file my_file-v1.cif (mmCIF, C-alpha atoms)
data_start
loop_
_atom_site.label_atom_id
_atom_site.label_comp_id
_atom_site.auth_asym_id
_atom_site.auth_seq_id
_atom_site.Cartn_x
_atom_site.Cartn_y
_atom_site.Cartn_z
CA MET A 1 -104.21 -13.51 141.77
CA LYS A 2 -106.02 -16.69 140.79
CA LYS A 3 -108.49 -17.96 143.39
CA VAL A 4 -108.68 -21.72 143.86
CA LEU A 5 -111.12 -23.76 145.93
CA VAL A 6 -110.00 -27.23 146.99
CA ILE A 7 -112.90 -29.49 147.97
CA HIS A 8 -112.21 -32.69 149.87
CA GLY A 9 -115.20 -35.01 149.92
CA ALA A 10 -116.38 -38.01 151.86
CA ASN A 11 -114.06 -39.65 154.39
CA LEU A 12 -111.04 -37.52 153.58
CA ASN A 13 -111.17 -36.21 157.14
CA LEU A 14 -109.88 -39.70 158.07
CA LEU A 15 -106.64 -39.43 156.09
CA GLY A 16 -103.76 -40.97 157.96
CA LEU A 17 -106.14 -43.30 159.80
CA ARG A 18 -108.22 -44.90 157.05
CA GLU A 19 -106.39 -47.52 155.00
CA PRO A 20 -102.96 -45.82 155.11
CA GLU A 21 -101.61 -48.42 152.69
CA ILE A 22 -103.97 -46.94 150.07
CA TYR A 23 -104.37 -43.29 151.09
CA GLY A 24 -101.07 -42.64 152.86
CA LYS A 25 -100.10 -41.79 156.40
CA LYS A 26 -100.48 -38.00 156.25
CA SER A 27 -103.48 -36.44 157.94
CA LEU A 28 -105.83 -34.05 156.17
CA TYR A 29 -104.32 -31.26 158.27
CA GLU A 30 -100.84 -32.16 156.96
CA LEU A 31 -102.10 -32.35 153.38
CA ASN A 32 -103.83 -28.98 153.65
CA LYS A 33 -100.72 -27.40 155.18
CA LYS A 34 -98.71 -28.62 152.18
CA LEU A 35 -101.34 -27.25 149.79
CA TYR A 36 -101.32 -23.81 151.42
CA GLU A 37 -97.51 -23.73 151.28
CA GLU A 38 -97.52 -24.67 147.61
CA ALA A 39 -100.25 -22.16 146.76
CA GLU A 40 -98.27 -19.39 148.44
CA LYS A 41 -95.16 -20.28 146.41
CA LEU A 42 -97.24 -20.25 143.23
CA GLY A 43 -99.01 -16.96 144.01
CA LEU A 44 -102.46 -18.53 144.29
CA TYR A 45 -105.23 -17.58 146.71
CA LEU A 46 -106.41 -20.88 148.21
CA VAL A 47 -109.40 -21.96 150.25
CA VAL A 48 -109.72 -25.58 151.38
CA TYR A 49 -112.99 -27.20 152.41
CA GLN A 50 -113.86 -30.73 153.54
CA THR A 51 -117.26 -32.27 154.12
CA ASN A 52 -118.78 -35.72 154.38
CA SER A 53 -122.17 -34.32 153.38
CA GLU A 54 -123.16 -34.33 149.74
CA SER A 55 -125.52 -31.40 150.29
CA GLN A 56 -122.77 -29.29 151.89
CA LEU A 57 -120.41 -30.21 149.09
CA LEU A 58 -123.04 -29.01 146.60
CA GLU A 59 -123.44 -25.75 148.52
CA SER A 60 -119.69 -25.17 148.45
CA ILE A 61 -119.74 -25.51 144.66
CA HIS A 62 -122.77 -23.21 144.32
CA ASN A 63 -121.16 -20.60 146.60
CA ALA A 64 -117.95 -20.68 144.56
CA LYS A 65 -119.65 -19.06 141.56
CA ASP A 66 -118.45 -15.52 140.87
CA PHE A 67 -115.63 -15.84 143.39
CA PHE A 68 -113.29 -18.71 142.49
CA ASP A 69 -111.44 -19.11 139.20
CA PHE A 70 -110.82 -22.81 139.57
CA ILE A 71 -111.84 -25.82 141.67
CA ILE A 72 -109.75 -28.83 142.59
CA ILE A 73 -112.08 -31.56 143.80
CA ASN A 74 -111.58 -34.96 145.34
CA PRO A 75 -115.17 -36.05 145.90
CA GLY A 76 -114.15 -39.32 147.53
CA ALA A 77 -116.86 -41.96 147.09
CA PHE A 78 -119.23 -39.33 145.66
CA THR A 79 -117.09 -39.60 142.49
CA HIS A 80 -118.84 -42.84 141.66
CA THR A 81 -122.37 -41.99 142.78
CA SER A 82 -123.26 -38.31 142.48
CA ILE A 83 -124.95 -36.90 139.44
CA ALA A 84 -125.89 -33.94 141.66
CA ILE A 85 -122.23 -32.94 142.04
CA ARG A 86 -121.77 -33.24 138.29
CA ASP A 87 -124.79 -31.00 137.71
CA ALA A 88 -123.54 -28.45 140.24
CA LEU A 89 -120.13 -28.24 138.57
CA LEU A 90 -121.76 -27.81 135.17
CA SER A 91 -124.12 -25.16 136.55
CA VAL A 92 -121.45 -22.86 138.01
CA GLY A 93 -119.20 -23.08 134.98
CA ILE A 94 -115.96 -23.02 136.99
CA PRO A 95 -113.23 -25.13 135.43
CA PHE A 96 -112.11 -27.95 137.70
CA ILE A 97 -109.58 -30.71 138.08
CA GLU A 98 -110.66 -34.02 139.58
CA VAL A 99 -108.00 -35.51 141.85
CA HIS A 100 -107.64 -38.77 143.73
CA LEU A 101 -104.95 -39.93 146.13
CA SER A 102 -105.22 -43.55 145.00
CA ASN A 103 -105.34 -44.89 141.47
CA ILE A 104 -109.08 -45.47 141.12
CA PHE A 105 -108.49 -47.50 137.95
CA SER A 106 -106.45 -50.13 139.77
CA ARG A 107 -109.07 -50.69 142.46
CA GLU A 108 -112.52 -52.24 142.66
CA ASP A 109 -114.61 -52.11 139.49
CA PHE A 110 -117.18 -49.72 140.97
CA ARG A 111 -114.40 -47.15 141.59
CA LYS A 112 -113.40 -47.08 137.92
CA HIS A 113 -116.37 -44.95 136.91
CA SER A 114 -116.49 -41.25 137.62
CA PHE A 115 -119.47 -39.00 137.01
CA LEU A 116 -117.06 -36.06 136.76
CA SER A 117 -114.09 -37.07 134.61
CA ASP A 118 -115.62 -36.33 131.23
CA ILE A 119 -116.45 -32.73 132.20
CA ALA A 120 -113.22 -32.02 134.12
CA LYS A 121 -110.36 -29.97 132.70
CA GLY A 122 -108.20 -32.90 133.77
CA VAL A 123 -108.00 -35.88 136.10
CA ILE A 124 -104.99 -36.68 138.26
CA THR A 125 -105.17 -39.99 140.07
CA GLY A 126 -102.87 -42.26 142.04
CA LEU A 127 -100.09 -39.87 142.98
CA GLY A 128 -101.03 -39.28 146.60
CA GLU A 129 -100.65 -35.66 147.73
CA TYR A 130 -98.88 -34.88 144.44
CA SER A 131 -102.19 -35.27 142.63
CA TYR A 132 -103.23 -32.03 144.35
CA ILE A 133 -99.81 -30.35 143.97
CA LEU A 134 -99.77 -31.03 140.23
CA ALA A 135 -103.27 -29.58 139.92
CA LEU A 136 -102.14 -26.40 141.70
CA ARG A 137 -99.08 -26.13 139.45
CA TYR A 138 -101.17 -26.59 136.33
CA ILE A 139 -103.54 -23.82 137.40
CA ALA A 140 -100.68 -21.46 138.24
CA GLU A 141 -98.88 -22.06 134.96
CA ASN A 142 -101.69 -22.57 132.46
CA GLU A 143 -105.02 -21.07 133.41
CA SER A 144 -105.81 -17.41 132.80
#
call {"tool": "encode", "arguments": {"input": "my_file-v1.cif", "output": "C-alpha cells"}}
result
Amino acid sequence: MKKVLVIHGANLNLLGLREPEIYGKKSLYELNKKLYEEAEKLGLYLVVYQTNSESQLLESIHNAKDFFDFIIINPGAFTHTSIAIRDALLSVGIPFIEVHLSNIFSREDFRKHSFLSDIAKGVITGLGEYSYILALRYIAENES
C-alpha cells in the first residue's frame, strides 16, 4: 500500500472562512474528510497534516523520510517565500506534487512564482479540492 503525506501550509486552517470566493466554502475538516474517503477508495494509506509554522512544516517533511512514498503539499504563502521548504523536499528525496486551491497564475504577481514547482513531480493549481483529488489519483495509478 502506497503511503501518502498531505501537508497543508499557512492559513489553510481558515478554509471556508478566508476569502471563500477564492478558496471555496468548504472547511479544512471537510476537505480532509474528502481526501480520506478518496484515499480509501484508491487503496492509499493517507496522513494529513496542517501547520502555520514553517519550522513545523519542515519537520513534517524531515520526518516523512523512510516512511512515506509520496507527498502532496500545498504550502500556502510559503510557496512564494521558502527556500527552506524547497531544500527539505530535495533532502528527503520523496517525490511530491504541489497543489493549490486557487489558480496562482491568475492572481497577484508575487503569487506567480513558486520555489517548489521546478522540483515537483507535477503542479495542480486552480481546481479547488480537485487539485488534491487529482494528485491522489495520479499517485494511485502511476507511482510505484
call {"tool": "residues_around", "arguments": {"input": "my_file-v1.cif", "residues": "Phe70 (chain A)", "least_positions_apart": "6", "cutoff": "6 Å", "atoms": "all atoms listed in the file", "output": "JSON, numbers by chain"}}
result
{"A": [4, 94, 95, 96]}
call {"tool": "atom_distance", "arguments": {"input": "my_file-v1.cif", "atom1": "CA of Ile85 (chain A)", "atom2": "CA of Glu38 (chain A)"}}
result
26.6 Å
call {"tool": "closest_residue", "arguments": {"input": "my_file-v1.cif", "among": "A:Ile139, A:Ala84, A:Ala10, A:Leu17", "to": "Ser53 (chain A)", "atoms": "all atoms listed in the file"}}
result
A:Ala10
call {"tool": "closest_residue", "arguments": {"input": "my_file-v1.cif", "among": "A:Glu98, A:Glu21, A:Glu40, A:Asp87", "to": "Ile61 (chain A)", "atoms": "all atoms listed in the file"}}
result
A:Asp87
call {"tool": "resolve_selection", "arguments": {"input": "my_file-v1.cif", "expression": "the PyMOL selection byres ((chain A and resi 102) around 10)", "output": "PDB file with C-alpha atoms, in the coordinates of the input"}}
result
ATOM      1  CA  GLU A  21    -101.610 -48.420 152.690  1.00  0.00           C
ATOM      2  CA  ILE A  22    -103.970 -46.940 150.070  1.00  0.00           C
ATOM      3  CA  TYR A  23    -104.370 -43.290 151.090  1.00  0.00           C
ATOM      4  CA  GLY A  24    -101.070 -42.640 152.860  1.00  0.00           C
ATOM      5  CA  VAL A  99    -108.000 -35.510 141.850  1.00  0.00           C
ATOM      6  CA  HIS A 100    -107.640 -38.770 143.730  1.00  0.00           C
ATOM      7  CA  LEU A 101    -104.950 -39.930 146.130  1.00  0.00           C
ATOM      8  CA  ASN A 103    -105.340 -44.890 141.470  1.00  0.00           C
ATOM      9  CA  ILE A 104    -109.080 -45.470 141.120  1.00  0.00           C
ATOM     10  CA  PHE A 105    -108.490 -47.500 137.950  1.00  0.00           C
ATOM     11  CA  SER A 106    -106.450 -50.130 139.770  1.00  0.00           C
ATOM     12  CA  ARG A 107    -109.070 -50.690 142.460  1.00  0.00           C
ATOM     13  CA  ILE A 124    -104.990 -36.680 138.260  1.00  0.00           C
ATOM     14  CA  THR A 125    -105.170 -39.990 140.070  1.00  0.00           C
ATOM     15  CA  GLY A 126    -102.870 -42.260 142.040  1.00  0.00           C
ATOM     16  CA  LEU A 127    -100.090 -39.870 142.980  1.00  0.00           C
ATOM     17  CA  GLY A 128    -101.030 -39.280 146.600  1.00  0.00           C
ATOM     18  CA  GLU A 129    -100.650 -35.660 147.730  1.00  0.00           C
ATOM     19  CA  SER A 131    -102.190 -35.270 142.630  1.00  0.00           C
TER      20      SER A 131
END
call {"tool": "closest_residue", "arguments": {"input": "my_file-v1.cif", "among": "A:Ile83, A:Val92, A:Ile119, A:Leu5", "to": "Ile71 (chain A)", "atoms": "only C-alpha atoms"}}
result
A:Leu5
call {"tool": "closest_residue", "arguments": {"input": "my_file-v1.cif", "among": "A:Ala140, A:Leu89, A:Leu15, A:Ile133", "to": "Ser117 (chain A)", "atoms": "all atoms listed in the file"}}
result
A:Leu89
call {"tool": "atom_distance", "arguments": {"input": "my_file-v1.cif", "atom1": "CA of Asn11 (chain A)", "atom2": "CA of Asn63 (chain A)"}}
result
21.8 Å
call {"tool": "resolve_selection", "arguments": {"input": "my_file-v1.cif", "expression": "the PyMOL selection byres ((chain A and resi 80) around 7)", "output": "list in words"}}
result
Ala77, Phe78, Thr79, Thr81, Ser82, Arg111, His113, Ser114 and Phe115 of chain A
call {"tool": "write_last_selection", "arguments": {"input": "my_file-v1.cif", "atoms": "C-alpha atoms", "output": "compact mmCIF listing (two decimals), in the frame of the given file"}}
result
# COMPACT_ATOMS: atom_id res chain seq x y z
CA ALA A 77 -116.86 -41.96 147.09
CA PHE A 78 -119.23 -39.33 145.66
CA THR A 79 -117.09 -39.60 142.49
CA THR A 81 -122.37 -41.99 142.78
CA SER A 82 -123.26 -38.31 142.48
CA ARG A 111 -114.40 -47.15 141.59
CA HIS A 113 -116.37 -44.95 136.91
CA SER A 114 -116.49 -41.25 137.62
CA PHE A 115 -119.47 -39.00 137.01
call {"tool": "atom_distance", "arguments": {"input": "my_file-v1.cif", "atom1": "CA of Gln50 (chain A)", "atom2": "CA of Glu141 (chain A)"}}
result
25.4 Å
call {"tool": "residues_around", "arguments": {"input": "my_file-v1.cif", "residues": "Tyr45 (chain A)", "least_positions_apart": "6", "cutoff": "9 Å", "atoms": "all atoms listed in the file", "output": "number ranges by chain"}}
result
A: 1-5, 36, 39
call {"tool": "closest_residue", "arguments": {"input": "my_file-v1.cif", "among": "A:His8, A:Lys65, A:Lys34, A:Arg86", "to": "Asn52 (chain A)", "atoms": "all atoms listed in the file"}}
result
A:His8
call {"tool": "closest_residue", "arguments": {"input": "my_file-v1.cif", "among": "A:Ser55, A:Asn13, A:Glu19, A:Val48", "to": "Lys33 (chain A)", "atoms": "only C-alpha atoms"}}
result
A:Val48
call {"tool": "residues_near_point", "arguments": {"input": "my_file-v1.cif", "point": "(-103.1, -34.5, 161.1)", "cutoff": "10 Å", "atoms": "only C-alpha atoms", "output": "list in words"}}
result
Asn13, Leu14, Leu15, Gly16, Leu17, Lys25, Lys26, Ser27, Leu28, Tyr29, Glu30, Leu31, Asn32 and Lys33 of chain A
call {"tool": "write_last_selection", "arguments": {"input": "my_file-v1.cif", "atoms": "C-alpha atoms", "output": "CSV table (one decimal), in the frame of the given file"}}
result
chain,number,residue,atom,x,y,z
A,13,ASN,CA,-111.2,-36.2,157.1
A,14,LEU,CA,-109.9,-39.7,158.1
A,15,LEU,CA,-106.6,-39.4,156.1
A,16,GLY,CA,-103.8,-41.0,158.0
A,17,LEU,CA,-106.1,-43.3,159.8
A,25,LYS,CA,-100.1,-41.8,156.4
A,26,LYS,CA,-100.5,-38.0,156.2
A,27,SER,CA,-103.5,-36.4,157.9
A,28,LEU,CA,-105.8,-34.0,156.2
A,29,TYR,CA,-104.3,-31.3,158.3
A,30,GLU,CA,-100.8,-32.2,157.0
A,31,LEU,CA,-102.1,-32.4,153.4
A,32,ASN,CA,-103.8,-29.0,153.6
A,33,LYS,CA,-100.7,-27.4,155.2
call {"tool": "decode", "arguments": {"input": "my_file-v1.cif", "residues": "region 15-96 of chain A", "atoms": "C-alpha atoms", "output": "CSV table (one decimal), in the first residue's frame"}}
result
chain,number,residue,atom,x,y,z
A,15,LEU,CA,-10.6,27.3,4.7
A,16,GLY,CA,-14.3,28.2,4.5
A,17,LEU,CA,-13.8,31.4,6.3
A,18,ARG,CA,-10.9,33.1,4.5
A,19,GLU,CA,-11.8,34.6,1.1
A,20,PRO,CA,-14.4,31.9,0.2
A,21,GLU,CA,-14.7,33.4,-3.3
A,22,ILE,CA,-11.1,32.4,-3.9
A,23,TYR,CA,-10.6,29.3,-1.7
A,24,GLY,CA,-14.1,27.9,-1.5
A,25,LYS,CA,-16.6,27.4,1.2
A,26,LYS,CA,-15.5,24.0,2.5
A,27,SER,CA,-13.6,23.9,5.8
A,28,LEU,CA,-10.3,22.1,6.1
A,29,TYR,CA,-12.1,19.4,8.1
A,30,GLU,CA,-14.5,18.8,5.1
A,31,LEU,CA,-11.6,18.8,2.6
A,32,ASN,CA,-9.6,16.3,4.7
A,33,LYS,CA,-12.7,14.1,5.1
A,34,LYS,CA,-13.0,14.0,1.3
A,35,LEU,CA,-9.3,13.2,0.9
A,36,TYR,CA,-9.5,10.3,3.4
A,37,GLU,CA,-12.6,8.9,1.6
A,38,GLU,CA,-10.8,9.2,-1.8
A,39,ALA,CA,-7.6,7.6,-0.4
A,40,GLU,CA,-9.6,4.7,0.9
A,41,LYS,CA,-11.2,4.1,-2.5
A,42,LEU,CA,-7.8,4.2,-4.1
A,43,GLY,CA,-6.2,1.9,-1.6
A,44,LEU,CA,-3.8,4.5,-0.3
A,45,TYR,CA,-2.6,5.0,3.3
A,46,LEU,CA,-3.0,8.7,4.0
A,47,VAL,CA,-1.9,11.0,6.7
A,48,VAL,CA,-2.9,14.7,6.6
A,49,TYR,CA,-1.1,17.5,8.5
A,50,GLN,CA,-1.6,21.2,8.7
A,51,THR,CA,0.6,23.9,10.2
A,52,ASN,CA,1.0,27.6,10.0
A,53,SER,CA,4.6,27.3,11.2
A,54,GLU,CA,7.4,27.0,8.6
A,55,SER,CA,9.6,25.1,11.1
A,56,GLN,CA,6.9,22.5,11.8
A,57,LEU,CA,6.2,22.1,8.1
A,58,LEU,CA,10.0,21.5,7.7
A,59,GLU,CA,9.9,18.9,10.5
A,60,SER,CA,7.0,17.1,8.9
A,61,ILE,CA,9.0,16.8,5.7
A,62,HIS,CA,12.1,15.6,7.5
A,63,ASN,CA,10.0,13.0,9.5
A,64,ALA,CA,8.5,11.7,6.3
A,65,LYS,CA,11.8,10.2,5.1
A,66,ASP,CA,11.8,6.4,5.1
A,67,PHE,CA,8.1,6.2,5.8
A,68,PHE,CA,6.1,8.0,3.1
A,69,ASP,CA,6.2,7.1,-0.6
A,70,PHE,CA,4.8,10.4,-1.8
A,71,ILE,CA,4.0,13.9,-0.5
A,72,ILE,CA,1.2,16.2,-1.7
A,73,ILE,CA,1.9,19.7,-0.5
A,74,ASN,CA,0.0,23.0,-0.5
A,75,PRO,CA,2.5,25.2,1.2
A,76,GLY,CA,0.1,28.2,1.1
A,77,ALA,CA,2.1,31.5,1.1
A,78,PHE,CA,5.3,29.6,1.8
A,79,THR,CA,5.2,28.6,-1.8
A,80,HIS,CA,6.4,32.0,-2.8
A,81,THR,CA,8.9,32.6,0.0
A,82,SER,CA,10.5,29.4,1.4
A,83,ILE,CA,13.8,28.2,0.1
A,84,ALA,CA,14.0,26.1,3.3
A,85,ILE,CA,10.9,24.0,2.3
A,86,ARG,CA,12.5,23.5,-1.2
A,87,ASP,CA,15.7,22.3,0.5
A,88,ALA,CA,13.9,20.0,2.8
A,89,LEU,CA,12.0,18.4,-0.1
A,90,LEU,CA,15.2,17.9,-2.0
A,91,SER,CA,16.9,16.5,1.0
A,92,VAL,CA,14.4,13.7,1.8
A,93,GLY,CA,14.1,12.7,-1.8
A,94,ILE,CA,10.4,11.9,-1.6
A,95,PRO,CA,8.5,12.7,-4.9
A,96,PHE,CA,5.9,15.3,-4.4
